[in-house]
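Source file: upload29.csv. Holds: CSV, C-alpha atoms.
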```csv
chain,number,residue,atom,x,y,z
A,1,MET,CA,0.0,0.0,0.0
A,2,LYS,CA,1.2,3.5,-0.9
A,3,THR,CA,0.4,6.2,1.6
A,4,ILE,CA,0.5,9.9,0.6
A,5,VAL,CA,0.1,12.5,3.3
A,6,ALA,CA,-0.5,16.1,2.1
A,7,GLY,CA,-2.8,19.0,2.6
A,8,LYS,CA,-6.5,18.5,2.0
A,9,GLU,CA,-6.6,20.3,-1.4
A,10,GLU,CA,-3.4,18.5,-2.6
A,11,CYS,CA,-4.9,15.2,-1.7
A,12,ILE,CA,-8.1,16.0,-3.6
A,13,ARG,CA,-6.1,17.3,-6.6
A,14,ARG,CA,-3.8,14.3,-6.8
A,15,ALA,CA,-6.6,11.8,-6.4
A,16,ALA,CA,-8.7,13.6,-9.1
A,17,GLY,CA,-5.7,13.6,-11.3
A,18,GLU,CA,-5.4,9.8,-11.1
A,19,LEU,CA,-9.1,9.5,-12.2
A,20,LEU,CA,-8.4,11.8,-15.1
A,21,GLU,CA,-5.4,9.9,-16.2
A,22,LEU,CA,-7.4,6.7,-16.1
A,23,VAL,CA,-10.1,8.2,-18.4
A,24,LYS,CA,-7.5,9.6,-20.8
A,25,ALA,CA,-6.0,6.1,-21.1
A,26,LYS,CA,-9.3,4.3,-21.3
A,27,SER,CA,-12.4,6.4,-22.1
A,28,ASP,CA,-14.8,3.6,-21.2
A,29,ALA,CA,-13.2,2.7,-17.9
A,30,ALA,CA,-15.2,1.2,-15.1
A,31,LEU,CA,-15.1,3.4,-12.0
A,32,VAL,CA,-16.5,2.5,-8.6
A,33,SER,CA,-17.3,5.2,-6.0
A,34,SER,CA,-19.7,6.0,-3.3
A,35,ALA,CA,-21.1,9.4,-2.7
A,36,GLU,CA,-20.0,10.6,0.8
A,37,ARG,CA,-18.2,13.8,1.5
A,38,ASP,CA,-14.6,12.9,0.7
A,39,GLU,CA,-15.3,10.9,-2.5
A,40,LEU,CA,-17.6,13.7,-3.8
A,41,TRP,CA,-14.8,16.3,-3.3
A,42,VAL,CA,-12.5,14.2,-5.4
A,43,LEU,CA,-15.2,13.6,-8.1
A,44,GLU,CA,-16.0,17.3,-8.2
A,45,ALA,CA,-12.4,18.2,-8.8
A,46,PHE,CA,-12.1,15.4,-11.4
A,47,VAL,CA,-15.1,16.9,-13.3
A,48,GLN,CA,-13.7,20.4,-13.1
A,49,GLU,CA,-10.3,19.3,-14.4
A,50,ALA,CA,-11.8,17.1,-17.1
A,51,LYS,CA,-13.8,20.2,-18.4
A,52,ALA,CA,-10.7,22.4,-18.2
A,53,GLN,CA,-8.7,19.9,-20.3
A,54,GLY,CA,-11.6,19.1,-22.7
A,55,VAL,CA,-11.9,15.5,-21.6
A,56,CYS,CA,-15.4,14.2,-22.0
A,57,LEU,CA,-16.8,11.6,-19.7
A,58,ASP,CA,-19.5,10.3,-22.0
A,59,ARG,CA,-18.1,6.8,-22.2
A,60,LEU,CA,-17.1,6.4,-18.6
A,61,ARG,CA,-19.0,3.8,-16.7
A,62,VAL,CA,-19.6,4.4,-13.0
A,63,PHE,CA,-20.8,1.8,-10.5
A,64,ALA,CA,-22.0,2.9,-7.1
A,65,ALA,CA,-20.1,1.1,-4.4
A,66,CYS,CA,-23.3,1.0,-2.3
A,67,GLU,CA,-26.9,2.1,-2.3
A,68,PHE,CA,-29.8,2.5,0.2
A,69,GLU,CA,-32.7,0.1,0.1
A,70,ALA,CA,-36.1,1.4,-1.1
A,71,PRO,CA,-37.6,4.0,-0.7
A,72,ALA,CA,-34.4,6.0,-0.2
A,73,ARG,CA,-32.8,4.4,-3.3
A,74,ASP,CA,-35.5,5.9,-5.5
A,75,ASN,CA,-35.1,9.6,-4.6
A,76,LYS,CA,-32.6,12.4,-4.9
A,77,LEU,CA,-30.8,11.4,-1.8
A,78,SER,CA,-29.8,8.0,-3.2
A,79,VAL,CA,-26.1,7.3,-3.9
A,80,ARG,CA,-26.8,7.0,-7.6
A,81,ALA,CA,-28.6,10.3,-7.7
A,82,ARG,CA,-25.9,12.1,-5.9
A,83,LEU,CA,-23.2,10.6,-8.1
A,84,LEU,CA,-25.2,11.6,-11.2
A,85,ALA,CA,-25.6,15.2,-9.9
A,86,CYS,CA,-21.9,15.4,-9.4
A,87,LEU,CA,-20.8,13.9,-12.7
A,88,THR,CA,-23.4,15.1,-15.1
A,89,ALA,CA,-21.4,18.4,-15.6
A,90,GLY,CA,-18.6,16.3,-17.0
A,91,GLY,CA,-20.7,14.7,-19.7
A,92,ILE,CA,-21.4,11.4,-18.1
A,93,ARG,CA,-24.5,9.6,-19.5
A,94,GLU,CA,-27.2,8.6,-17.1
A,95,GLU,CA,-27.4,5.2,-18.7
A,96,ASN,CA,-23.7,4.6,-17.8
A,97,LEU,CA,-24.2,5.1,-14.1
A,98,PHE,CA,-25.3,2.0,-12.1
A,99,ALA,CA,-26.2,1.1,-8.5
A,100,PRO,CA,-26.9,-2.2,-6.7
A,101,GLY,CA,-30.4,-3.2,-6.0
A,102,ALA,CA,-32.3,-6.2,-4.7
A,103,ASP,CA,-30.6,-8.6,-7.1
A,104,CYS,CA,-27.1,-8.7,-5.7
A,105,GLU,CA,-25.8,-11.4,-8.1
A,106,ALA,CA,-27.1,-9.4,-11.1
A,107,TYR,CA,-24.9,-6.4,-10.0
A,108,ASP,CA,-21.9,-8.7,-9.7
A,109,ARG,CA,-22.5,-9.9,-13.2
A,110,LEU,CA,-22.9,-6.4,-14.5
A,111,ILE,CA,-19.5,-5.5,-13.3
A,112,GLU,CA,-18.0,-8.7,-14.7
A,113,ASP,CA,-19.6,-7.9,-18.1
A,114,ALA,CA,-18.0,-4.5,-18.0
A,115,GLY,CA,-14.6,-6.2,-17.7
A,116,GLY,CA,-14.1,-5.7,-14.0
A,117,ILE,CA,-13.4,-2.6,-12.0
A,118,ASP,CA,-10.5,-0.4,-13.3
A,119,LEU,CA,-10.4,1.9,-10.3
A,120,ALA,CA,-12.3,2.0,-7.0
A,121,LEU,CA,-12.5,5.4,-5.2
A,122,LEU,CA,-13.3,4.6,-1.6
A,123,GLY,CA,-13.7,6.7,1.6
A,124,LEU,CA,-13.5,5.5,5.2
A,125,GLY,CA,-16.2,5.5,7.7
A,126,LEU,CA,-15.5,6.5,11.3
A,127,ASN,CA,-15.7,2.8,12.3
A,128,ALA,CA,-13.3,1.9,9.5
A,129,ARG,CA,-16.1,0.7,7.2
A,130,VAL,CA,-15.7,0.8,3.4
A,131,ALA,CA,-18.8,1.6,1.4
A,132,PHE,CA,-21.5,-0.1,3.5
A,133,ASN,CA,-19.2,-3.0,4.7
A,134,GLU,CA,-19.6,-2.6,8.4
A,135,PRO,CA,-17.6,-4.4,11.1
A,136,ALA,CA,-18.0,-8.2,10.9
A,137,THR,CA,-18.2,-8.2,7.1
A,138,PRO,CA,-16.1,-11.1,6.0
A,139,TYR,CA,-13.4,-10.8,3.4
A,140,ASP,CA,-15.1,-13.4,1.1
A,141,SER,CA,-18.2,-11.1,0.7
A,142,HIS,CA,-19.6,-10.1,-2.6
A,143,THR,CA,-22.5,-7.7,-3.2
A,144,HIS,CA,-24.9,-8.1,-0.3
A,145,THR,CA,-27.5,-6.4,1.8
A,146,GLN,CA,-26.2,-4.8,4.9
A,147,LYS,CA,-27.8,-3.5,8.1
A,148,LEU,CA,-26.2,-0.1,8.8
A,149,THR,CA,-24.7,0.5,12.2
A,150,ARG,CA,-25.6,3.5,14.4
A,151,PRO,CA,-22.3,5.3,13.7
A,152,THR,CA,-23.0,5.0,9.9
A,153,ARG,CA,-26.5,6.3,10.2
A,154,GLU,CA,-25.4,9.2,12.4
A,155,THR,CA,-22.8,10.1,9.7
A,156,LEU,CA,-25.5,10.1,7.0
A,157,SER,CA,-28.2,11.6,9.2
A,158,ALA,CA,-27.6,15.2,7.9
A,159,LEU,CA,-28.8,14.1,4.5
A,160,PHE,CA,-32.1,12.8,5.8
A,161,GLY,CA,-32.9,15.3,8.5
A,162,GLY,CA,-32.1,13.1,11.5
A,163,VAL,CA,-30.8,9.7,12.4
A,164,ASP,CA,-34.3,8.3,12.9
A,165,LYS,CA,-35.1,9.2,9.3
A,166,THR,CA,-31.9,7.6,7.9
A,167,PRO,CA,-32.3,4.3,6.2
A,168,GLU,CA,-31.5,1.2,8.3
A,169,ARG,CA,-30.3,-1.0,5.5
A,170,GLY,CA,-28.3,-0.8,2.3
A,171,VAL,CA,-26.7,-2.9,-0.5
A,172,THR,CA,-23.0,-2.8,-0.9
A,173,LEU,CA,-20.2,-4.3,-3.0
A,174,GLY,CA,-18.3,-6.7,-0.9
A,175,PHE,CA,-14.6,-7.1,-0.4
A,176,GLN,CA,-14.2,-9.7,-3.1
A,177,ASN,CA,-15.6,-7.2,-5.5
A,178,LEU,CA,-13.5,-4.2,-4.3
A,179,CYS,CA,-10.2,-6.0,-3.8
A,180,ALA,CA,-10.5,-7.3,-7.4
A,181,ALA,CA,-10.2,-3.7,-8.7
A,182,ARG,CA,-7.1,-3.1,-10.7
A,183,ARG,CA,-6.4,0.0,-8.7
A,184,ILE,CA,-7.9,1.3,-5.4
A,185,LEU,CA,-7.7,4.9,-4.2
A,186,VAL,CA,-8.7,5.6,-0.6
A,187,ILE,CA,-9.4,9.2,0.4
A,188,ALA,CA,-9.4,10.2,4.1
A,189,LEU,CA,-9.8,13.9,5.1
A,190,GLY,CA,-10.2,15.5,8.5
A,191,GLU,CA,-9.3,14.8,12.1
A,192,GLU,CA,-12.3,12.6,12.6
A,193,LYS,CA,-10.8,10.1,10.2
A,194,ASN,CA,-7.5,9.5,12.0
A,195,LYS,CA,-8.6,6.5,14.0
A,196,ALA,CA,-10.0,4.9,10.8
A,197,VAL,CA,-6.8,5.5,9.0
A,198,TYR,CA,-4.7,4.0,11.8
A,199,ARG,CA,-7.0,0.9,11.8
A,200,MET,CA,-6.8,0.6,8.1
A,201,LEU,CA,-3.0,0.6,8.1
A,202,TYR,CA,-2.3,-1.3,11.3
A,203,GLY,CA,-5.4,-3.2,12.2
A,204,ARG,CA,-5.5,-7.0,11.8
A,205,ASN,CA,-6.8,-7.9,8.3
A,206,ASP,CA,-10.0,-9.4,9.7
A,207,SER,CA,-13.5,-8.2,10.0
A,208,ILE,CA,-13.1,-6.2,13.2
A,209,TYR,CA,-11.9,-3.2,11.1
A,210,PRO,CA,-13.2,-3.7,7.6
A,211,ALA,CA,-10.7,-1.2,5.9
A,212,ALA,CA,-7.8,-3.4,7.1
A,213,PHE,CA,-8.7,-5.8,4.3
A,214,LEU,CA,-7.3,-3.2,2.0
A,215,GLN,CA,-3.9,-4.1,3.2
A,216,LEU,CA,-4.2,-7.2,1.0
A,217,PRO,CA,-4.4,-5.9,-2.6
A,218,LEU,CA,-1.2,-4.6,-4.2
A,219,GLN,CA,-2.5,-1.5,-6.1
A,220,VAL,CA,-3.8,0.6,-3.2
A,221,THR,CA,-3.0,4.3,-2.6
A,222,LEU,CA,-4.2,6.1,0.5
A,223,TYR,CA,-4.5,9.9,0.3
A,224,ALA,CA,-4.7,11.3,3.8
A,225,ASP,CA,-4.4,14.9,4.9
A,226,GLU,CA,-2.3,15.8,7.9
A,227,GLU,CA,-5.3,15.7,10.3
A,228,ALA,CA,-6.4,12.3,9.1
A,229,ALA,CA,-2.9,11.0,9.2
A,230,ARG,CA,-2.2,12.2,12.8
A,231,GLY,CA,-1.1,9.2,14.8
A,232,ILE,CA,0.4,7.1,12.0
```

Would you write out, as structure tokens, the structure that this file holds?
Amino acid sequence: MKTIVAGKEECIRRAAGELLELVKAKSDAALVSSAERDELWVLEAFVQEAKAQGVCLDRLRVFAACEFEAPARDNKLSVRARLLACLTAGGIREENLFAPGADCEAYDRLIEDAGGIDLALLGLGLNARVAFNEPATPYDSHTHTQKLTRPTRETLSALFGGVDKTPERGVTLGFQNLCAARRILVIALGEEKNKAVYRMLYGRNDSIYPAAFLQLPLQVTLYADEEAARGI
């Protein structure tokens, strides 16, 4: 694993630059991302730089790393809707943006049919979750339905107007899906992420700290700002 510690804006710029280089090399690349704060900052910078350089994203295929169960998956607060709102300015086509649903095996097949994941952009939850892979998610997991923990629902509660209104379940790519990606970028920004970063880098690669499974793939780069990296 490669770890890059820099200022917040530099982390965002460099991670966005890696996405842009991917699309320049392969216009129909398969990108996985979720739509929480850190990932959206990178995606927004990616779109801005793509526009500045005249790079169109109309062939890019984007697969949401996770999604809420209905009814939240069907409104503007869904992961897919937020990814679409962020990426549309870069020319991405709505039909090229996918999210998991009730048929988990169908989503796995969809990614396989796309030739696999070229790059996964992942954030870290405060409990070291990745996408909706909460503590106790096994390494051999594929796309699956997941009950969301209280810390995850609290993190997402601002979107929904309170934790009691936040969905209790979601669907997520599992670690077998994510670790098969040809490249993985992890973005961690802010002091509140420093425990998750430490657990990712130094935790046992078992299900206690899900992000520690990312110690296993070879092509992983962590971008962490100084606050998130404090303690490593």

Worksheet item: Using only C-alpha atoms, which residues sit within 8 Å of Gln215 (chain A) once same-chain residues fewer than 2 positions away are excluded, as an NGL selection string?
Response: :A and (1 or 200-201 or 205 or 211-213 or 217-218 or 220)

Discussion item. So that I can check the surroundings of Thr145 (chain A), please list as number ranges by chain every protein, DNA and RNA residue that reaches within 8 Å of it, counting all atoms listed in the file and ignoring chain neighbours fewer than 5 positions away.
Written reply: A: 104, 169-172

Please save C-alpha atoms of the selected residues as a PDB file, keeping the file's coordinate frame.
```
ATOM      1  CA  CYS A 104     -27.100  -8.700  -5.700  1.00  0.00           C
ATOM      2  CA  ARG A 169     -30.300  -1.000   5.500  1.00  0.00           C
ATOM      3  CA  GLY A 170     -28.300  -0.800   2.300  1.00  0.00           C
ATOM      4  CA  VAL A 171     -26.700  -2.900  -0.500  1.00  0.00           C
ATOM      5  CA  THR A 172     -23.000  -2.800  -0.900  1.00  0.00           C
TER       6      THR A 172
END
```

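For the pair CA of Ile111 (chain A) and CA of His142 (chain A), the interatomic distance is 11.6 Å.
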
In the coordinates of the file, take the point (-22.0, 4.5, 11.8) and a cut-off of 12 Å; then, counting all atoms listed in the file, name each qualifying protein, DNA or RNA residue as a JSON list (two decimals) with C-alpha atoms, in the frame of the given file.
```json
[["chain", "number", "residue", "atom", "x", "y", "z"],
["A", 124, "LEU", "CA", -13.50, 5.50, 5.20],
["A", 125, "GLY", "CA", -16.20, 5.50, 7.70],
["A", 126, "LEU", "CA", -15.50, 6.50, 11.30],
["A", 127, "ASN", "CA", -15.70, 2.80, 12.30],
["A", 128, "ALA", "CA", -13.30, 1.90, 9.50],
["A", 129, "ARG", "CA", -16.10, 0.70, 7.20],
["A", 130, "VAL", "CA", -15.70, 0.80, 3.40],
["A", 131, "ALA", "CA", -18.80, 1.60, 1.40],
["A", 132, "PHE", "CA", -21.50, -0.10, 3.50],
["A", 133, "ASN", "CA", -19.20, -3.00, 4.70],
["A", 134, "GLU", "CA", -19.60, -2.60, 8.40],
["A", 135, "PRO", "CA", -17.60, -4.40, 11.10],
["A", 147, "LYS", "CA", -27.80, -3.50, 8.10],
["A", 148, "LEU", "CA", -26.20, -0.10, 8.80],
["A", 149, "THR", "CA", -24.70, 0.50, 12.20],
["A", 150, "ARG", "CA", -25.60, 3.50, 14.40],
["A", 151, "PRO", "CA", -22.30, 5.30, 13.70],
["A", 152, "THR", "CA", -23.00, 5.00, 9.90],
["A", 153, "ARG", "CA", -26.50, 6.30, 10.20],
["A", 154, "GLU", "CA", -25.40, 9.20, 12.40],
["A", 155, "THR", "CA", -22.80, 10.10, 9.70],
["A", 156, "LEU", "CA", -25.50, 10.10, 7.00],
["A", 157, "SER", "CA", -28.20, 11.60, 9.20],
["A", 163, "VAL", "CA", -30.80, 9.70, 12.40],
["A", 166, "THR", "CA", -31.90, 7.60, 7.90],
["A", 167, "PRO", "CA", -32.30, 4.30, 6.20],
["A", 168, "GLU", "CA", -31.50, 1.20, 8.30],
["A", 169, "ARG", "CA", -30.30, -1.00, 5.50]]
```

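Take CA of Thr88 (chain A) and CA of Leu60 (chain A): the distance between them is 11.3 Å.
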
Discussion item. As a PyMOL selection string, please: the residues near Ser141 (chain A) (cut-off 6 Å, all atoms listed in the file, same-chain neighbours under 5 positions excluded).
Written reply: chain A and resi 174-176

Discussion item. Which residues are near Cys11 (chain A)? Cut-off 9 Å, all atoms listed in the file, ignore same chain within fewer than 6 positions. Put them as a PyMOL selection string.
Written reply: chain A and resi 4-5+42+187-189+223-225

Generate a file of the selected residues that holds C-alpha atoms, formatted as a PDB file, in the coordinates of the input.
```
ATOM      1  CA  ILE A   4       0.500   9.900   0.600  1.00  0.00           C
ATOM      2  CA  VAL A   5       0.100  12.500   3.300  1.00  0.00           C
ATOM      3  CA  VAL A  42     -12.500  14.200  -5.400  1.00  0.00           C
ATOM      4  CA  ILE A 187      -9.400   9.200   0.400  1.00  0.00           C
ATOM      5  CA  ALA A 188      -9.400  10.200   4.100  1.00  0.00           C
ATOM      6  CA  LEU A 189      -9.800  13.900   5.100  1.00  0.00           C
ATOM      7  CA  TYR A 223      -4.500   9.900   0.300  1.00  0.00           C
ATOM      8  CA  ALA A 224      -4.700  11.300   3.800  1.00  0.00           C
ATOM      9  CA  ASP A 225      -4.400  14.900   4.900  1.00  0.00           C
TER      10      ASP A 225
END
```

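With all atoms listed in the file as the atoms that count, the residue of A:Ala114, A:Ala70, A:Leu57, A:Gly231 with the shortest distance to Glu94 (chain A) is A:Leu57.
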
Item to complete: Could you tell me how far CA of Ala136 (chain A) lies from CA of Glu105 (chain A), in Å and to one decimal?
Response: 20.8 Å

Discussion item. Can you pull out the residues contacting Ile92 (chain A)? Cut-off 12 Å, using all atoms listed in the file, and skip same-chain residues under 4 positions away; I want them as a PyMOL selection string.
Written reply: chain A and resi 23+27-29+31+43+47+50-51+55-62+83-88+96-98

Save out the residues we just selected, C-alpha atoms, as an mmCIF file, keeping the file's coordinate frame.
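Saved result, again-v1.cif, follows:
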```cif
data_model
loop_
_atom_site.group_PDB
_atom_site.id
_atom_site.type_symbol
_atom_site.label_atom_id
_atom_site.label_comp_id
_atom_site.auth_asym_id
_atom_site.auth_seq_id
_atom_site.Cartn_x
_atom_site.Cartn_y
_atom_site.Cartn_z
ATOM 1 C CA VAL A 23 -10.100 8.200 -18.400
ATOM 2 C CA SER A 27 -12.400 6.400 -22.100
ATOM 3 C CA ASP A 28 -14.800 3.600 -21.200
ATOM 4 C CA ALA A 29 -13.200 2.700 -17.900
ATOM 5 C CA LEU A 31 -15.100 3.400 -12.000
ATOM 6 C CA LEU A 43 -15.200 13.600 -8.100
ATOM 7 C CA VAL A 47 -15.100 16.900 -13.300
ATOM 8 C CA ALA A 50 -11.800 17.100 -17.100
ATOM 9 C CA LYS A 51 -13.800 20.200 -18.400
ATOM 10 C CA VAL A 55 -11.900 15.500 -21.600
ATOM 11 C CA CYS A 56 -15.400 14.200 -22.000
ATOM 12 C CA LEU A 57 -16.800 11.600 -19.700
ATOM 13 C CA ASP A 58 -19.500 10.300 -22.000
ATOM 14 C CA ARG A 59 -18.100 6.800 -22.200
ATOM 15 C CA LEU A 60 -17.100 6.400 -18.600
ATOM 16 C CA ARG A 61 -19.000 3.800 -16.700
ATOM 17 C CA VAL A 62 -19.600 4.400 -13.000
ATOM 18 C CA LEU A 83 -23.200 10.600 -8.100
ATOM 19 C CA LEU A 84 -25.200 11.600 -11.200
ATOM 20 C CA ALA A 85 -25.600 15.200 -9.900
ATOM 21 C CA CYS A 86 -21.900 15.400 -9.400
ATOM 22 C CA LEU A 87 -20.800 13.900 -12.700
ATOM 23 C CA THR A 88 -23.400 15.100 -15.100
ATOM 24 C CA ASN A 96 -23.700 4.600 -17.800
ATOM 25 C CA LEU A 97 -24.200 5.100 -14.100
ATOM 26 C CA PHE A 98 -25.300 2.000 -12.100
#
```

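Between Lys193 (chain A) and the residues A:Leu214, A:Ala180, A:Ala65, A:Ala228, the shortest atom-to-atom distance, using all atoms listed in the file, involves A:Ala228.
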
Worksheet item: Which of these, A:Glu192, A:Glu95, A:Gly162, A:Ala30, has the shortest distance to Asp113 (chain A) once you count all atoms listed in the file?
Response: A:Ala30

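Between Gly7 (chain A) and the residues A:Ala158, A:Ala229, A:Val79, A:Cys66, the shortest atom-to-atom distance, using all atoms listed in the file, involves A:Ala229.
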
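Among A:Leu119, A:Cys179, A:Val197, A:Leu77, the residue with the shortest atom-to-atom distance to Glu36 (chain A), counting only C-alpha atoms, is A:Leu77.
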
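With all atoms listed in the file taken into account, every residue lying no more than 6 Å from the file point (-23.0, -4.2, -7.7) is included here: Pro100, Tyr107, Asp108, Thr143 and Leu173 of chain A.
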
Practice prompt. Identify which of the residues A:Thr3, A:Gln146, A:Gly116, A:Leu121 lies closest to Ala16 (chain A), counting all atoms listed in the file when measuring atom-to-atom distances.
Written response: A:Leu121

Please complete region 130-154 of chain A so it has N, CA and C atoms, and hand it over as a CSV table (one decimal), keeping the file's coordinate frame.
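What ended up in rebuild02.csv:
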```
chain,number,residue,atom,x,y,z
A,130,VAL,N,-15.9,0.4,4.8
A,130,VAL,CA,-15.7,0.8,3.4
A,130,VAL,C,-17.0,0.6,2.7
A,131,ALA,N,-17.5,1.6,2.0
A,131,ALA,CA,-18.8,1.6,1.4
A,131,ALA,C,-19.8,1.3,2.6
A,132,PHE,N,-20.6,0.3,2.4
A,132,PHE,CA,-21.5,-0.1,3.5
A,132,PHE,C,-21.0,-1.4,4.2
A,133,ASN,N,-19.7,-1.8,4.0
A,133,ASN,CA,-19.2,-3.0,4.7
A,133,ASN,C,-18.8,-2.6,6.1
A,134,GLU,N,-19.7,-3.0,7.0
A,134,GLU,CA,-19.6,-2.6,8.4
A,134,GLU,C,-18.7,-3.7,9.1
A,135,PRO,N,-18.3,-3.4,10.3
A,135,PRO,CA,-17.6,-4.4,11.1
A,135,PRO,C,-18.3,-5.7,11.1
A,136,ALA,N,-17.6,-6.8,11.0
A,136,ALA,CA,-18.0,-8.2,10.9
A,136,ALA,C,-18.3,-8.6,9.5
A,137,THR,N,-18.1,-7.7,8.5
A,137,THR,CA,-18.2,-8.2,7.1
A,137,THR,C,-17.0,-9.0,6.8
A,138,PRO,N,-17.2,-10.2,6.3
A,138,PRO,CA,-16.1,-11.1,6.0
A,138,PRO,C,-15.4,-10.7,4.7
A,139,TYR,N,-14.2,-11.2,4.5
A,139,TYR,CA,-13.4,-10.8,3.4
A,139,TYR,C,-13.9,-11.5,2.1
A,140,ASP,N,-14.6,-12.7,2.3
A,140,ASP,CA,-15.1,-13.4,1.1
A,140,ASP,C,-16.5,-12.9,0.6
A,141,SER,N,-16.9,-11.7,1.1
A,141,SER,CA,-18.2,-11.1,0.7
A,141,SER,C,-18.2,-10.6,-0.7
A,142,HIS,N,-19.3,-10.8,-1.4
A,142,HIS,CA,-19.6,-10.1,-2.6
A,142,HIS,C,-20.8,-9.1,-2.4
A,143,THR,N,-21.4,-8.6,-3.4
A,143,THR,CA,-22.5,-7.7,-3.2
A,143,THR,C,-23.5,-8.3,-2.3
A,144,HIS,N,-23.9,-7.5,-1.3
A,144,HIS,CA,-24.9,-8.1,-0.3
A,144,HIS,C,-25.7,-7.0,0.4
A,145,THR,N,-26.7,-7.4,1.0
A,145,THR,CA,-27.5,-6.4,1.8
A,145,THR,C,-26.9,-6.3,3.2
A,146,GLN,N,-26.9,-5.1,3.7
A,146,GLN,CA,-26.2,-4.8,4.9
A,146,GLN,C,-27.0,-4.0,5.9
A,147,LYS,N,-27.2,-4.4,7.1
A,147,LYS,CA,-27.8,-3.5,8.1
A,147,LYS,C,-26.8,-2.5,8.5
A,148,LEU,N,-27.2,-1.2,8.5
A,148,LEU,CA,-26.2,-0.1,8.8
A,148,LEU,C,-26.1,0.1,10.3
A,149,THR,N,-24.9,0.3,10.8
A,149,THR,CA,-24.7,0.5,12.2
A,149,THR,C,-25.1,2.0,12.6
A,150,ARG,N,-25.3,2.1,13.9
A,150,ARG,CA,-25.6,3.5,14.4
A,150,ARG,C,-24.6,4.5,14.0
A,151,PRO,N,-23.3,4.3,14.1
A,151,PRO,CA,-22.3,5.3,13.7
A,151,PRO,C,-22.5,5.7,12.2
A,152,THR,N,-22.8,4.7,11.3
A,152,THR,CA,-23.0,5.0,9.9
A,152,THR,C,-24.2,5.9,9.7
A,153,ARG,N,-25.3,5.5,10.4
A,153,ARG,CA,-26.5,6.3,10.2
A,153,ARG,C,-26.4,7.7,10.8
A,154,GLU,N,-25.6,7.8,11.8
A,154,GLU,CA,-25.4,9.2,12.4
A,154,GLU,C,-24.6,10.0,11.4
```
